[in-house]
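work_31.csv (CSV, C-alpha atoms) appears below.
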chain,number,residue,atom,x,y,z
A,1,MET,CA,34.5,-19.5,-6.6
A,2,THR,CA,38.2,-19.6,-5.9
A,3,VAL,CA,41.0,-17.0,-5.6
A,4,ASP,CA,44.4,-17.9,-7.0
A,5,ASP,CA,47.8,-16.7,-5.7
A,6,THR,CA,48.0,-13.8,-8.2
A,7,GLY,CA,45.1,-12.1,-6.5
A,8,SER,CA,42.7,-12.7,-9.3
A,9,ASP,CA,39.0,-12.1,-8.3
A,10,GLU,CA,37.6,-14.4,-11.0
A,11,GLY,CA,35.7,-17.5,-10.3
A,12,ALA,CA,35.9,-20.8,-12.2
A,13,ASP,CA,33.6,-19.3,-14.9
A,14,GLY,CA,35.5,-16.0,-15.0
A,15,ARG,CA,32.7,-14.0,-13.5
A,16,VAL,CA,32.4,-12.0,-10.4
A,17,ASP,CA,29.1,-10.7,-9.0
A,18,VAL,CA,29.5,-7.2,-7.5
A,19,PRO,CA,27.2,-4.4,-6.4
A,20,ALA,CA,27.4,-1.9,-9.1
A,21,THR,CA,26.1,-0.9,-12.5
A,22,ASP,CA,28.3,0.7,-15.1
A,23,PRO,CA,27.3,4.3,-15.9
A,24,GLY,CA,29.9,4.3,-18.7
A,25,ASP,CA,31.9,7.5,-19.3
A,26,ASP,CA,28.9,9.8,-18.7
A,27,PRO,CA,30.3,12.3,-16.1
A,28,LEU,CA,26.8,13.2,-14.9
A,29,ALA,CA,25.9,9.6,-14.4
A,30,LEU,CA,29.1,9.1,-12.4
A,31,ARG,CA,28.3,12.2,-10.3
A,32,LEU,CA,24.8,10.8,-9.6
A,33,GLU,CA,26.1,7.4,-8.6
A,34,GLN,CA,28.6,9.0,-6.3
A,35,LEU,CA,25.9,11.2,-4.8
A,36,ILE,CA,23.7,8.2,-4.0
A,37,LEU,CA,26.4,5.9,-2.8
A,38,GLY,CA,28.1,8.7,-0.8
A,39,ALA,CA,31.6,7.7,-1.9
A,40,GLU,CA,33.7,7.4,-5.0
A,41,ARG,CA,34.9,4.2,-6.6
A,42,ARG,CA,38.1,2.8,-5.1
A,43,TYR,CA,38.1,-1.0,-5.1
A,44,THR,CA,38.0,-4.0,-7.4
A,45,PRO,CA,35.9,-6.9,-6.1
A,46,PHE,CA,39.1,-8.7,-4.9
A,47,GLN,CA,40.4,-5.5,-3.1
A,48,ALA,CA,37.0,-5.0,-1.4
A,49,ALA,CA,36.9,-8.5,-0.2
A,50,ARG,CA,40.5,-8.4,1.1
A,51,SER,CA,39.9,-5.0,2.8
A,52,ALA,CA,36.9,-6.5,4.5
A,53,GLY,CA,38.8,-9.6,5.6
A,54,VAL,CA,36.3,-11.8,3.7
A,55,SER,CA,37.1,-14.6,1.2
A,56,MET,CA,36.3,-13.8,-2.4
A,57,GLU,CA,34.0,-16.8,-2.4
A,58,LEU,CA,31.9,-15.5,0.5
A,59,ALA,CA,31.9,-12.0,-0.8
A,60,SER,CA,30.6,-13.2,-4.2
A,61,ARG,CA,27.9,-15.2,-2.4
A,62,PHE,CA,26.8,-12.0,-0.5
A,63,TRP,CA,26.9,-9.9,-3.6
A,64,ARG,CA,25.0,-12.4,-5.7
A,65,ALA,CA,22.4,-12.8,-3.0
A,66,MET,CA,21.8,-9.0,-3.0
A,67,GLY,CA,21.2,-9.2,-6.7
A,68,PHE,CA,24.1,-7.1,-7.8
A,69,ALA,CA,25.5,-7.3,-11.3
A,70,ASP,CA,28.7,-8.7,-12.7
A,71,ILE,CA,31.4,-6.0,-13.4
A,72,GLY,CA,34.4,-8.3,-13.8
A,73,GLN,CA,37.6,-6.6,-12.8
A,74,ALA,CA,36.3,-3.1,-12.8
A,75,ARG,CA,37.3,-0.7,-10.0
A,76,ALA,CA,33.8,0.2,-9.0
A,77,LEU,CA,33.3,-0.5,-5.3
A,78,THR,CA,33.4,2.0,-2.4
A,79,GLU,CA,34.1,2.1,1.3
A,80,ALA,CA,30.4,1.3,1.9
A,81,ASP,CA,30.7,-2.0,0.0
A,82,VAL,CA,33.7,-2.9,2.2
A,83,LEU,CA,31.8,-2.0,5.3
A,84,ALA,CA,28.7,-4.0,4.3
A,85,LEU,CA,30.9,-7.1,3.7
A,86,ARG,CA,32.6,-6.6,7.0
A,87,ARG,CA,29.3,-6.3,8.9
A,88,LEU,CA,27.8,-9.4,7.4
A,89,ALA,CA,31.0,-11.4,8.0
A,90,GLY,CA,31.2,-10.0,11.5
A,91,LEU,CA,27.7,-11.3,12.3
A,92,VAL,CA,28.8,-14.8,11.2
A,93,GLU,CA,32.1,-14.7,13.1
A,94,ALA,CA,30.3,-13.6,16.3
A,95,GLY,CA,28.0,-16.5,16.0
A,96,LEU,CA,24.9,-14.3,15.7
A,97,LEU,CA,24.1,-15.6,12.2
A,98,SER,CA,25.1,-18.8,10.4
A,99,GLU,CA,26.6,-18.2,7.0
A,100,ALA,CA,23.5,-19.5,5.3
A,101,MET,CA,21.3,-17.1,7.3
A,102,ALA,CA,23.6,-14.2,6.5
A,103,VAL,CA,23.1,-15.0,2.8
A,104,GLN,CA,19.3,-15.1,3.4
A,105,VAL,CA,19.5,-11.7,5.0
A,106,ALA,CA,21.4,-10.4,2.0
A,107,ARG,CA,18.9,-11.9,-0.4
A,108,SER,CA,15.8,-10.8,1.3
A,109,THR,CA,17.1,-7.3,1.8
A,110,GLY,CA,18.3,-7.1,-1.8
A,111,GLN,CA,15.0,-8.3,-3.3
A,112,THR,CA,12.9,-6.0,-1.2
A,113,THR,CA,14.9,-2.9,-1.8
A,114,ALA,CA,15.4,-3.6,-5.5
A,115,ARG,CA,11.7,-3.5,-6.0
A,116,LEU,CA,11.4,-0.4,-3.9
A,117,ALA,CA,14.2,1.3,-5.9
A,118,GLU,CA,12.7,0.4,-9.2
A,119,TRP,CA,9.3,1.8,-8.2
A,120,GLN,CA,10.8,5.0,-6.9
A,121,ILE,CA,12.7,5.6,-10.1
A,122,ASP,CA,10.0,4.5,-12.5
A,123,SER,CA,7.0,6.0,-10.8
A,124,PHE,CA,8.2,8.6,-8.4
A,125,LEU,CA,11.3,10.3,-9.7
A,126,GLU,CA,10.1,10.0,-13.3
A,127,GLY,CA,7.3,12.4,-12.6
A,128,LEU,CA,9.6,14.9,-10.8
A,129,THR,CA,12.4,15.0,-13.3
A,130,GLU,CA,10.6,16.2,-16.4
A,131,PRO,CA,13.0,18.8,-17.9
A,132,PRO,CA,11.6,22.2,-17.1
A,133,GLU,CA,13.4,23.9,-20.0
A,134,PRO,CA,14.2,22.7,-23.5
A,135,GLY,CA,17.8,21.5,-23.9
A,136,MET,CA,18.1,20.2,-20.3
A,137,THR,CA,18.7,16.4,-19.9
A,138,ARG,CA,16.9,14.3,-17.5
A,139,THR,CA,20.1,13.6,-15.6
A,140,GLU,CA,20.8,17.3,-15.2
A,141,VAL,CA,17.4,17.7,-13.5
A,142,THR,CA,17.6,14.4,-11.6
A,143,TYR,CA,20.8,15.3,-9.7
A,144,PRO,CA,19.5,18.3,-7.6
A,145,ILE,CA,16.2,16.4,-7.0
A,146,VAL,CA,18.0,13.3,-5.7
A,147,GLU,CA,20.3,15.5,-3.6
A,148,LEU,CA,17.2,17.0,-1.9
A,149,LEU,CA,15.2,13.8,-1.6
A,150,LEU,CA,17.9,11.3,-0.7
A,151,PRO,CA,18.3,12.1,3.1
A,152,GLU,CA,14.5,12.3,3.5
A,153,LEU,CA,13.8,9.1,1.8
A,154,GLU,CA,16.6,7.3,3.7
A,155,GLU,CA,15.2,8.5,7.0
A,156,PHE,CA,11.7,7.4,6.0
A,157,LEU,CA,12.9,4.0,4.9
A,158,VAL,CA,14.6,3.4,8.2
A,159,TYR,CA,11.5,4.6,10.1
A,160,VAL,CA,9.1,2.2,8.2
A,161,TRP,CA,11.5,-0.7,8.6
A,162,ARG,CA,11.8,-0.2,12.3
A,163,ARG,CA,8.0,0.0,12.7
A,164,GLN,CA,7.6,-3.2,10.7
A,165,LEU,CA,10.4,-4.9,12.6
A,166,ALA,CA,8.8,-4.0,15.9
A,167,ALA,CA,5.4,-5.4,14.8
A,168,SER,CA,7.0,-8.6,13.6
A,169,ALA,CA,9.1,-9.0,16.7
A,170,GLY,CA,5.9,-8.5,18.8
A,171,ARG,CA,4.2,-11.4,16.9
A,172,VAL,CA,7.2,-13.6,17.5
A,173,VAL,CA,7.4,-13.1,21.2
A,174,GLN,CA,3.7,-13.8,21.6
A,175,ALA,CA,4.1,-17.2,19.9
A,176,ALA,CA,3.2,-20.1,22.1
A,177,ASP,CA,6.4,-22.0,21.4
A,178,ASP,CA,9.5,-22.0,19.2
A,179,GLU,CA,7.8,-24.1,16.5
A,180,GLU,CA,5.0,-21.6,16.2
A,181,MET,CA,7.5,-18.9,15.2
A,182,VAL,CA,8.1,-20.7,11.9
A,183,ASP,CA,5.1,-23.0,11.4
A,184,ARG,CA,2.1,-20.9,12.5
A,185,ARG,CA,-1.6,-21.2,12.3
A,186,LEU,CA,-2.8,-18.4,10.1
A,187,ALA,CA,-5.8,-17.3,8.0
A,188,VAL,CA,-4.5,-17.0,4.4
A,189,CYS,CA,-6.5,-15.3,1.6
A,190,PHE,CA,-6.2,-14.8,-2.1
A,191,ALA,CA,-8.3,-12.1,-3.9
A,192,ASP,CA,-8.3,-12.3,-7.7
A,193,LEU,CA,-9.7,-9.9,-10.3
A,194,VAL,CA,-12.1,-11.8,-12.6
A,195,GLY,CA,-11.4,-11.7,-16.4
A,196,PHE,CA,-8.1,-9.9,-16.1
A,197,THR,CA,-6.5,-11.6,-19.1
A,198,ARG,CA,-9.4,-10.3,-21.3
A,199,LEU,CA,-8.9,-6.9,-19.9
A,200,THR,CA,-5.2,-6.9,-20.9
A,201,ARG,CA,-6.3,-7.3,-24.5
A,202,ARG,CA,-8.9,-4.6,-24.5
A,203,MET,CA,-7.3,-1.8,-22.4
A,204,GLU,CA,-4.5,0.5,-23.2
A,205,GLU,CA,-1.3,-0.1,-21.2
A,206,GLU,CA,-1.6,3.1,-19.2
A,207,GLU,CA,-5.3,2.5,-18.4
A,208,LEU,CA,-4.5,-1.1,-17.3
A,209,GLY,CA,-1.6,0.1,-15.1
A,210,GLU,CA,-4.0,2.6,-13.4
A,211,LEU,CA,-6.5,-0.2,-12.7
A,212,VAL,CA,-3.9,-2.5,-11.2
A,213,GLU,CA,-2.5,0.3,-9.1
A,214,ALA,CA,-6.0,1.2,-7.8
A,215,PHE,CA,-6.7,-2.5,-7.0
A,216,GLU,CA,-3.4,-3.0,-5.2
A,217,THR,CA,-3.7,0.3,-3.3
A,218,THR,CA,-7.3,-0.4,-2.2
A,219,ALA,CA,-6.4,-3.9,-1.1
A,220,ALA,CA,-3.2,-2.8,0.7
A,221,ASP,CA,-5.1,-0.1,2.6
A,222,LEU,CA,-8.0,-2.4,3.7
A,223,VAL,CA,-5.6,-5.2,4.8
A,224,ALA,CA,-3.4,-2.8,6.8
A,225,ALA,CA,-6.3,-0.9,8.4
A,226,ARG,CA,-8.1,-4.0,9.6
A,227,GLY,CA,-5.0,-5.7,11.1
A,228,GLY,CA,-4.0,-8.1,8.3
A,229,ARG,CA,-0.6,-8.4,6.6
A,230,LEU,CA,-0.2,-8.0,2.9
A,231,ILE,CA,2.2,-10.7,1.7
A,232,LYS,CA,2.5,-9.8,-1.9
A,233,THR,CA,0.6,-8.4,-4.9
A,234,LEU,CA,0.7,-10.1,-8.3
A,235,GLY,CA,-1.0,-7.6,-10.6
A,236,ASP,CA,-4.5,-9.0,-10.7
A,237,GLU,CA,-4.2,-10.9,-7.4
A,238,VAL,CA,-3.3,-10.1,-3.8
A,239,LEU,CA,-2.2,-12.5,-1.0
A,240,TYR,CA,-2.7,-11.5,2.6
A,241,ALA,CA,-2.7,-13.3,6.0
A,242,ALA,CA,-4.1,-12.6,9.4
A,243,ASP,CA,-3.6,-14.1,12.8
A,244,ASP,CA,-7.3,-14.9,13.3
A,245,ALA,CA,-10.1,-16.0,10.9
A,246,GLY,CA,-12.5,-13.2,11.9
A,247,THR,CA,-10.0,-10.5,10.8
A,248,ALA,CA,-9.3,-12.2,7.5
A,249,ALA,CA,-13.1,-12.7,6.9
A,250,GLU,CA,-13.8,-9.0,7.6
A,251,ILE,CA,-11.1,-7.9,5.2
A,252,ALA,CA,-12.3,-10.3,2.4
A,253,LEU,CA,-15.9,-9.1,2.6
A,254,LEU,CA,-14.8,-5.5,2.6
A,255,LEU,CA,-12.7,-6.1,-0.5
A,256,VAL,CA,-15.7,-7.5,-2.3
A,257,GLU,CA,-17.9,-4.7,-1.1
A,258,THR,CA,-15.5,-2.0,-1.9
A,259,MET,CA,-14.6,-3.3,-5.4
A,260,GLY,CA,-18.3,-3.9,-6.1
A,261,ASN,CA,-19.0,-0.2,-5.4
A,262,ASP,CA,-16.5,0.9,-8.0
A,263,PRO,CA,-17.9,0.6,-11.5
A,264,THR,CA,-14.4,0.8,-13.0
A,265,MET,CA,-13.3,-2.4,-11.2
A,266,PRO,CA,-13.8,-6.0,-12.4
A,267,GLU,CA,-15.6,-8.5,-10.2
A,268,LEU,CA,-13.6,-10.2,-7.5
A,269,ARG,CA,-13.1,-13.8,-6.4
A,270,VAL,CA,-11.8,-14.6,-2.9
A,271,GLY,CA,-10.6,-17.9,-1.4
A,272,MET,CA,-9.4,-18.4,2.2
A,273,ALA,CA,-8.1,-21.2,4.3
A,274,PHE,CA,-7.0,-21.6,7.9
A,275,GLY,CA,-4.2,-23.8,9.2
A,276,THR,CA,-0.5,-24.3,9.6
A,277,VAL,CA,1.6,-22.0,7.4
A,278,THR,CA,5.4,-21.9,6.9
A,279,THR,CA,6.9,-18.4,6.7
A,280,ARG,CA,10.1,-17.7,4.8
A,281,MET,CA,11.6,-14.4,3.8
A,282,GLY,CA,8.2,-12.6,4.2
A,283,ASP,CA,6.3,-15.1,2.1
A,284,VAL,CA,4.0,-18.0,3.2
A,285,PHE,CA,4.0,-21.6,2.0
A,286,GLY,CA,2.3,-24.9,2.6
A,287,THR,CA,-0.9,-26.8,2.0
A,288,THR,CA,-3.1,-24.0,3.6
A,289,VAL,CA,-1.7,-21.5,1.1
A,290,ASN,CA,-2.3,-23.9,-1.8
A,291,LEU,CA,-5.9,-24.6,-0.6
A,292,ALA,CA,-6.7,-20.9,-0.4
A,293,SER,CA,-5.4,-20.4,-4.0
A,294,ARG,CA,-7.5,-23.3,-5.3
A,295,LEU,CA,-10.6,-22.0,-3.6
A,296,THR,CA,-10.1,-18.7,-5.3
A,297,SER,CA,-10.1,-20.3,-8.7
A,298,ILE,CA,-13.5,-22.0,-8.0
A,299,ALA,CA,-15.2,-19.1,-6.1
A,300,PRO,CA,-18.2,-17.5,-7.6
A,301,ARG,CA,-17.9,-13.9,-8.8
A,302,ASP,CA,-18.0,-11.3,-6.0
A,303,ALA,CA,-18.0,-14.1,-3.4
A,304,VAL,CA,-15.8,-15.5,-0.7
A,305,LEU,CA,-15.2,-19.2,-0.3
A,306,VAL,CA,-13.5,-20.7,2.8
A,307,ASP,CA,-12.3,-24.2,3.7
A,308,SER,CA,-13.9,-26.3,6.5
A,309,ALA,CA,-11.0,-25.4,8.9
A,310,PHE,CA,-11.7,-21.7,8.4
A,311,ALA,CA,-15.4,-22.2,9.0
A,312,GLU,CA,-14.8,-24.2,12.1
A,313,GLU,CA,-12.5,-21.4,13.4
A,314,LEU,CA,-15.2,-18.8,12.9
A,315,ILE,CA,-17.8,-21.0,14.7
A,316,ARG,CA,-15.4,-21.7,17.6
A,317,THR,CA,-14.7,-18.0,18.1
A,318,GLY,CA,-18.4,-17.1,18.0
A,319,ASP,CA,-18.0,-15.1,14.8
A,320,ALA,CA,-20.5,-17.3,12.9
A,321,PRO,CA,-23.2,-19.8,13.9
A,322,ALA,CA,-22.9,-23.4,12.8
A,323,SER,CA,-26.3,-23.0,11.1
A,324,GLU,CA,-29.2,-20.7,11.0
A,325,ALA,CA,-31.2,-23.3,13.1
A,326,GLU,CA,-28.5,-23.1,15.8
A,327,ALA,CA,-28.6,-19.3,15.7
A,328,ALA,CA,-32.3,-19.3,16.1
A,329,GLU,CA,-32.1,-21.8,19.0
A,330,ALA,CA,-29.5,-19.6,20.7
A,331,ALA,CA,-31.6,-16.5,20.3
A,332,THR,CA,-34.7,-18.3,21.8
A,333,ALA,CA,-32.7,-19.6,24.7
A,334,ALA,CA,-31.2,-16.2,25.4
A,335,GLU,CA,-34.7,-14.6,25.3
A,336,LYS,CA,-36.0,-17.1,27.8
A,337,GLU,CA,-33.2,-16.3,30.2
A,338,GLY,CA,-33.7,-12.5,29.7
A,339,GLU,CA,-30.2,-12.2,28.1
A,340,GLU,CA,-29.0,-10.6,25.0
A,341,PRO,CA,-28.9,-13.1,22.1
A,342,PRO,CA,-25.5,-13.9,20.6
A,343,VAL,CA,-24.4,-11.5,17.8
A,344,TYR,CA,-22.8,-13.2,14.8
A,345,ARG,CA,-20.8,-11.2,12.3
A,346,PHE,CA,-20.8,-13.8,9.5
A,347,ALA,CA,-22.9,-16.5,8.0
A,348,LEU,CA,-21.6,-19.7,6.5
A,349,GLN,CA,-23.4,-21.8,3.9
A,350,PRO,CA,-21.9,-25.2,3.0
A,351,MET,CA,-21.4,-25.8,-0.7
A,352,TRP,CA,-21.1,-29.1,-2.6
A,353,GLN,CA,-18.0,-31.1,-2.0
A,354,ARG,CA,-15.7,-31.1,-5.0
A,355,PRO,CA,-12.3,-32.4,-6.0
A,356,VAL,CA,-9.5,-29.8,-6.0
A,357,ARG,CA,-6.4,-30.4,-8.0
A,358,GLY,CA,-3.6,-31.7,-5.9
A,359,LEU,CA,-5.6,-31.5,-2.6
A,360,GLY,CA,-8.3,-34.2,-3.1
A,361,VAL,CA,-12.0,-33.5,-2.2
A,362,VAL,CA,-12.7,-30.4,-0.2
A,363,GLU,CA,-15.9,-28.9,1.2
A,364,PRO,CA,-16.0,-25.2,0.6
A,365,TRP,CA,-18.2,-22.8,2.5
A,366,LEU,CA,-19.7,-19.6,1.2
A,367,LEU,CA,-18.9,-16.7,3.6
A,368,THR,CA,-21.3,-13.8,3.8
A,369,ARG,CA,-21.9,-10.9,6.1
A,370,ARG,CA,-24.7,-11.8,8.5
A,371,ASP,CA,-25.5,-8.1,9.3
A,372,THR,CA,-25.0,-6.1,6.0
A,373,GLY,CA,-25.3,-2.9,7.9
A,374,ALA,CA,-22.0,-3.7,9.6
A,375,ALA,CA,-20.0,-3.4,6.4
A,376,GLY,CA,-19.0,0.2,7.0
A,377,GLU,CA,-18.3,0.0,10.7

Would you kindly transcribe this structure into structure tokens?
Amino acid sequence: MTVDDTGSDEGADGRVDVPATDPGDDPLALRLEQLILGAERRYTPFQAARSAGVSMELASRFWRAMGFADIGQARALTEADVLALRRLAGLVEAGLLSEAMAVQVARSTGQTTARLAEWQIDSFLEGLTEPPEPGMTRTEVTYPIVELLLPELEEFLVYVWRRQLAASAGRVVQAADDEEMVDRRLAVCFADLVGFTRLTRRMEEEELGELVEAFETTAADLVAARGGRLIKTLGDEVLYAADDAGTAAEIALLLVETMGNDPTMPELRVGMAFGTVTTRMGDVFGTTVNLASRLTSIAPRDAVLVDSAFAEELIRTGDAPASEAEAAEAATAAEKEGEEPPVYRFALQPMWQRPVRGLGVVEPWLLTRRDTGAAGE
């Protein structure tokens, strides 16, 4: 994107990406926008970039990365837009971030908050803004509600972000070396609802939405409570990771047990793998992730399959015996020595080797709980 000498803020294609939507001429919509943004419209995109001391090209990259819409030459930006540009550019100028990294920061923040904002409006505010009296518009009801909620939601958002940032920073500083900060050994798990496509044809939209929400909520709660990290939800599937195989295994079995105790829920398939994982913008990539996904597709209903590396990690940490024969031998030896026999949380059963698309031949293991009474601990 280029800027000519006349001060035009158009790019080569005549488009400019800027952070605003157009509420049209609706005065209530304009008031609501001003309430949320905390300032009134003052700048065109070119004026905002110039006031921030940023080239139009870089400003457009930032705005596009944040997911903001094209408003052409409209005077729709505020002091907050100028300040945001100035801050991002300042981080680059100070050498704290490269330009590419600053764009990634803008993109990851934009994607995350866009989803949050959509959810809050669609699911949260929608229920609160039903007009209490005939003749009142939704906007007339929304304004005072937003006015009350905005500062509280903003404070809560910053609080949760700081807690998550502290947790992530703690994991980074505990990494063994710099490479481990990006390419780490993690347990990765996919949990998938069985027959979801058929359900979409049989269930009403509202009923289907409630089922998906219940599944995602249950999964998110179990993952968080047991020390895993929910990576993303995909409607009928969740992806989570954990630093150790034992934690991931416990969560997987709890998911199967919890969903199995709910008659309204479909059966569940779970696949897990352990190994090197590349993390980018809160997501995970690599062969380990692909293998976990493939194992999910071949897992029996209400069962958990793991790869050989995952099984080896459970054996290494003493969470599972290599075989029942080994467990019996260890118990006998401990009894002779007058010691407590080893306690294993999980059992592993080798399955038939099979080809997996794109990954060659793999040997999956069926993971079960060795002591079923420990499920509710």

Show which residues sit within 12 Å of Arg357 (chain A), as a ChimeraX atom specification. Count all atoms listed in the file, and ignore same-chain residues fewer than 5 positions away.
-> /A:287,290-291,293-295,297-298,362

Which neighbours of Glu313 (chain A) fall inside 10 Å, counting all atoms listed in the file, when residues of the same chain fewer than 3 positions from it are skipped, and could you give them as a tab-separated table (two decimals) with C-alpha atoms, keeping the file's coordinate frame?
chain	number	residue	atom	x	y	z
A	187	ALA	CA	-5.80	-17.30	8.00
A	244	ASP	CA	-7.30	-14.90	13.30
A	245	ALA	CA	-10.10	-16.00	10.90
A	246	GLY	CA	-12.50	-13.20	11.90
A	274	PHE	CA	-7.00	-21.60	7.90
A	275	GLY	CA	-4.20	-23.80	9.20
A	308	SER	CA	-13.90	-26.30	6.50
A	309	ALA	CA	-11.00	-25.40	8.90
A	310	PHE	CA	-11.70	-21.70	8.40
A	316	ARG	CA	-15.40	-21.70	17.60
A	317	THR	CA	-14.70	-18.00	18.10
A	318	GLY	CA	-18.40	-17.10	18.00
A	319	ASP	CA	-18.00	-15.10	14.80
A	320	ALA	CA	-20.50	-17.30	12.90

Neighbours of Val238 (chain A) within 7 Å (all atoms listed in the file; same-chain residues fewer than 3 positions away dropped), as a PyMOL selection string?
-> chain A and resi 190-192+232-234

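One finds CA of Ser55 (chain A) at 18.5 Å from CA of Arg42 (chain A).
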
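One distance worth recording is that between CA of Val304 (chain A) and CA of Arg269 (chain A), which is 6.5 Å.
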
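Take the candidates A:Pro350, A:Asp221, A:Leu255, A:Phe196 and check each one against Gly209 (chain A) using only C-alpha atoms; the shortest distance goes to A:Phe196.
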
CA of Met265 (chain A) and CA of Glu216 (chain A), how far apart in Å?
-> 11.6 Å

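Between Gly195 (chain A) and the candidates A:Leu268, A:Val212, A:Ser108, A:Ala94, the tightest atom-to-atom separation, counting all atoms listed in the file, involves A:Leu268.
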
Please provide the set of residues having any atom within 8 Å of region 83-87 of chain A, restricted to only C-alpha atoms, with same-chain residues fewer than 3 positions apart removed, written as number ranges by chain.
-> A: 49, 52-54, 59, 62, 79-80, 90-91

Since the input lacks atoms, please generate N, CA and C atoms for region 304-325 of chain A and provide them as a PDB file, keeping the file's coordinate frame.
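Below is the file that was written, rebuild-v9.pdb:
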ATOM      1  N   VAL A 304     -16.938 -15.045  -1.541  1.00  0.00           N
ATOM      2  CA  VAL A 304     -15.800 -15.500  -0.700  1.00  0.00           C
ATOM      3  C   VAL A 304     -16.060 -16.977  -0.368  1.00  0.00           C
ATOM      4  N   LEU A 305     -15.109 -17.839  -0.696  1.00  0.00           N
ATOM      5  CA  LEU A 305     -15.200 -19.200  -0.300  1.00  0.00           C
ATOM      6  C   LEU A 305     -14.105 -19.492   0.764  1.00  0.00           C
ATOM      7  N   VAL A 306     -14.450 -20.293   1.785  1.00  0.00           N
ATOM      8  CA  VAL A 306     -13.500 -20.700   2.800  1.00  0.00           C
ATOM      9  C   VAL A 306     -13.480 -22.175   2.958  1.00  0.00           C
ATOM     10  N   ASP A 307     -12.395 -22.709   3.509  1.00  0.00           N
ATOM     11  CA  ASP A 307     -12.300 -24.200   3.700  1.00  0.00           C
ATOM     12  C   ASP A 307     -13.010 -24.526   5.039  1.00  0.00           C
ATOM     13  N   SER A 308     -13.141 -25.801   5.299  1.00  0.00           N
ATOM     14  CA  SER A 308     -13.900 -26.300   6.500  1.00  0.00           C
ATOM     15  C   SER A 308     -13.137 -25.846   7.773  1.00  0.00           C
ATOM     16  N   ALA A 309     -11.787 -25.821   7.748  1.00  0.00           N
ATOM     17  CA  ALA A 309     -11.000 -25.400   8.900  1.00  0.00           C
ATOM     18  C   ALA A 309     -11.309 -23.936   9.255  1.00  0.00           C
ATOM     19  N   PHE A 310     -11.412 -23.119   8.213  1.00  0.00           N
ATOM     20  CA  PHE A 310     -11.700 -21.700   8.400  1.00  0.00           C
ATOM     21  C   PHE A 310     -13.113 -21.542   8.999  1.00  0.00           C
ATOM     22  N   ALA A 311     -14.071 -22.295   8.439  1.00  0.00           N
ATOM     23  CA  ALA A 311     -15.400 -22.200   9.000  1.00  0.00           C
ATOM     24  C   ALA A 311     -15.500 -22.666  10.413  1.00  0.00           C
ATOM     25  N   GLU A 312     -14.804 -23.737  10.744  1.00  0.00           N
ATOM     26  CA  GLU A 312     -14.800 -24.200  12.100  1.00  0.00           C
ATOM     27  C   GLU A 312     -14.186 -23.187  13.068  1.00  0.00           C
ATOM     28  N   GLU A 313     -13.169 -22.459  12.602  1.00  0.00           N
ATOM     29  CA  GLU A 313     -12.500 -21.400  13.400  1.00  0.00           C
ATOM     30  C   GLU A 313     -13.505 -20.286  13.701  1.00  0.00           C
ATOM     31  N   LEU A 314     -14.256 -19.867  12.687  1.00  0.00           N
ATOM     32  CA  LEU A 314     -15.200 -18.800  12.900  1.00  0.00           C
ATOM     33  C   LEU A 314     -16.335 -19.242  13.858  1.00  0.00           C
ATOM     34  N   ILE A 315     -16.754 -20.503  13.773  1.00  0.00           N
ATOM     35  CA  ILE A 315     -17.800 -21.000  14.700  1.00  0.00           C
ATOM     36  C   ILE A 315     -17.221 -21.105  16.109  1.00  0.00           C
ATOM     37  N   ARG A 316     -15.972 -21.563  16.235  1.00  0.00           N
ATOM     38  CA  ARG A 316     -15.400 -21.700  17.600  1.00  0.00           C
ATOM     39  C   ARG A 316     -15.235 -20.376  18.275  1.00  0.00           C
ATOM     40  N   THR A 317     -14.900 -19.322  17.525  1.00  0.00           N
ATOM     41  CA  THR A 317     -14.700 -18.000  18.100  1.00  0.00           C
ATOM     42  C   THR A 317     -15.987 -17.216  18.289  1.00  0.00           C
ATOM     43  N   GLY A 318     -17.119 -17.791  17.831  1.00  0.00           N
ATOM     44  CA  GLY A 318     -18.400 -17.100  18.000  1.00  0.00           C
ATOM     45  C   GLY A 318     -18.644 -16.041  16.923  1.00  0.00           C
ATOM     46  N   ASP A 319     -17.842 -16.027  15.857  1.00  0.00           N
ATOM     47  CA  ASP A 319     -18.000 -15.100  14.800  1.00  0.00           C
ATOM     48  C   ASP A 319     -19.132 -15.491  13.811  1.00  0.00           C
ATOM     49  N   ALA A 320     -19.460 -16.782  13.808  1.00  0.00           N
ATOM     50  CA  ALA A 320     -20.500 -17.300  12.900  1.00  0.00           C
ATOM     51  C   ALA A 320     -21.183 -18.474  13.564  1.00  0.00           C
ATOM     52  N   PRO A 321     -22.473 -18.647  13.332  1.00  0.00           N
ATOM     53  CA  PRO A 321     -23.200 -19.800  13.900  1.00  0.00           C
ATOM     54  C   PRO A 321     -22.896 -21.038  12.990  1.00  0.00           C
ATOM     55  N   ALA A 322     -23.035 -22.215  13.556  1.00  0.00           N
ATOM     56  CA  ALA A 322     -22.900 -23.400  12.800  1.00  0.00           C
ATOM     57  C   ALA A 322     -23.946 -23.560  11.712  1.00  0.00           C
ATOM     58  N   SER A 323     -25.133 -23.020  12.022  1.00  0.00           N
ATOM     59  CA  SER A 323     -26.300 -23.000  11.100  1.00  0.00           C
ATOM     60  C   SER A 323     -27.265 -21.993  11.532  1.00  0.00           C
ATOM     61  N   GLU A 324     -28.173 -21.663  10.653  1.00  0.00           N
ATOM     62  CA  GLU A 324     -29.200 -20.700  11.000  1.00  0.00           C
ATOM     63  C   GLU A 324     -30.129 -21.284  12.090  1.00  0.00           C
ATOM     64  N   ALA A 325     -30.342 -22.610  12.037  1.00  0.00           N
ATOM     65  CA  ALA A 325     -31.200 -23.300  13.100  1.00  0.00           C
ATOM     66  C   ALA A 325     -30.528 -23.089  14.435  1.00  0.00           C
TER      67      ALA A 325
END
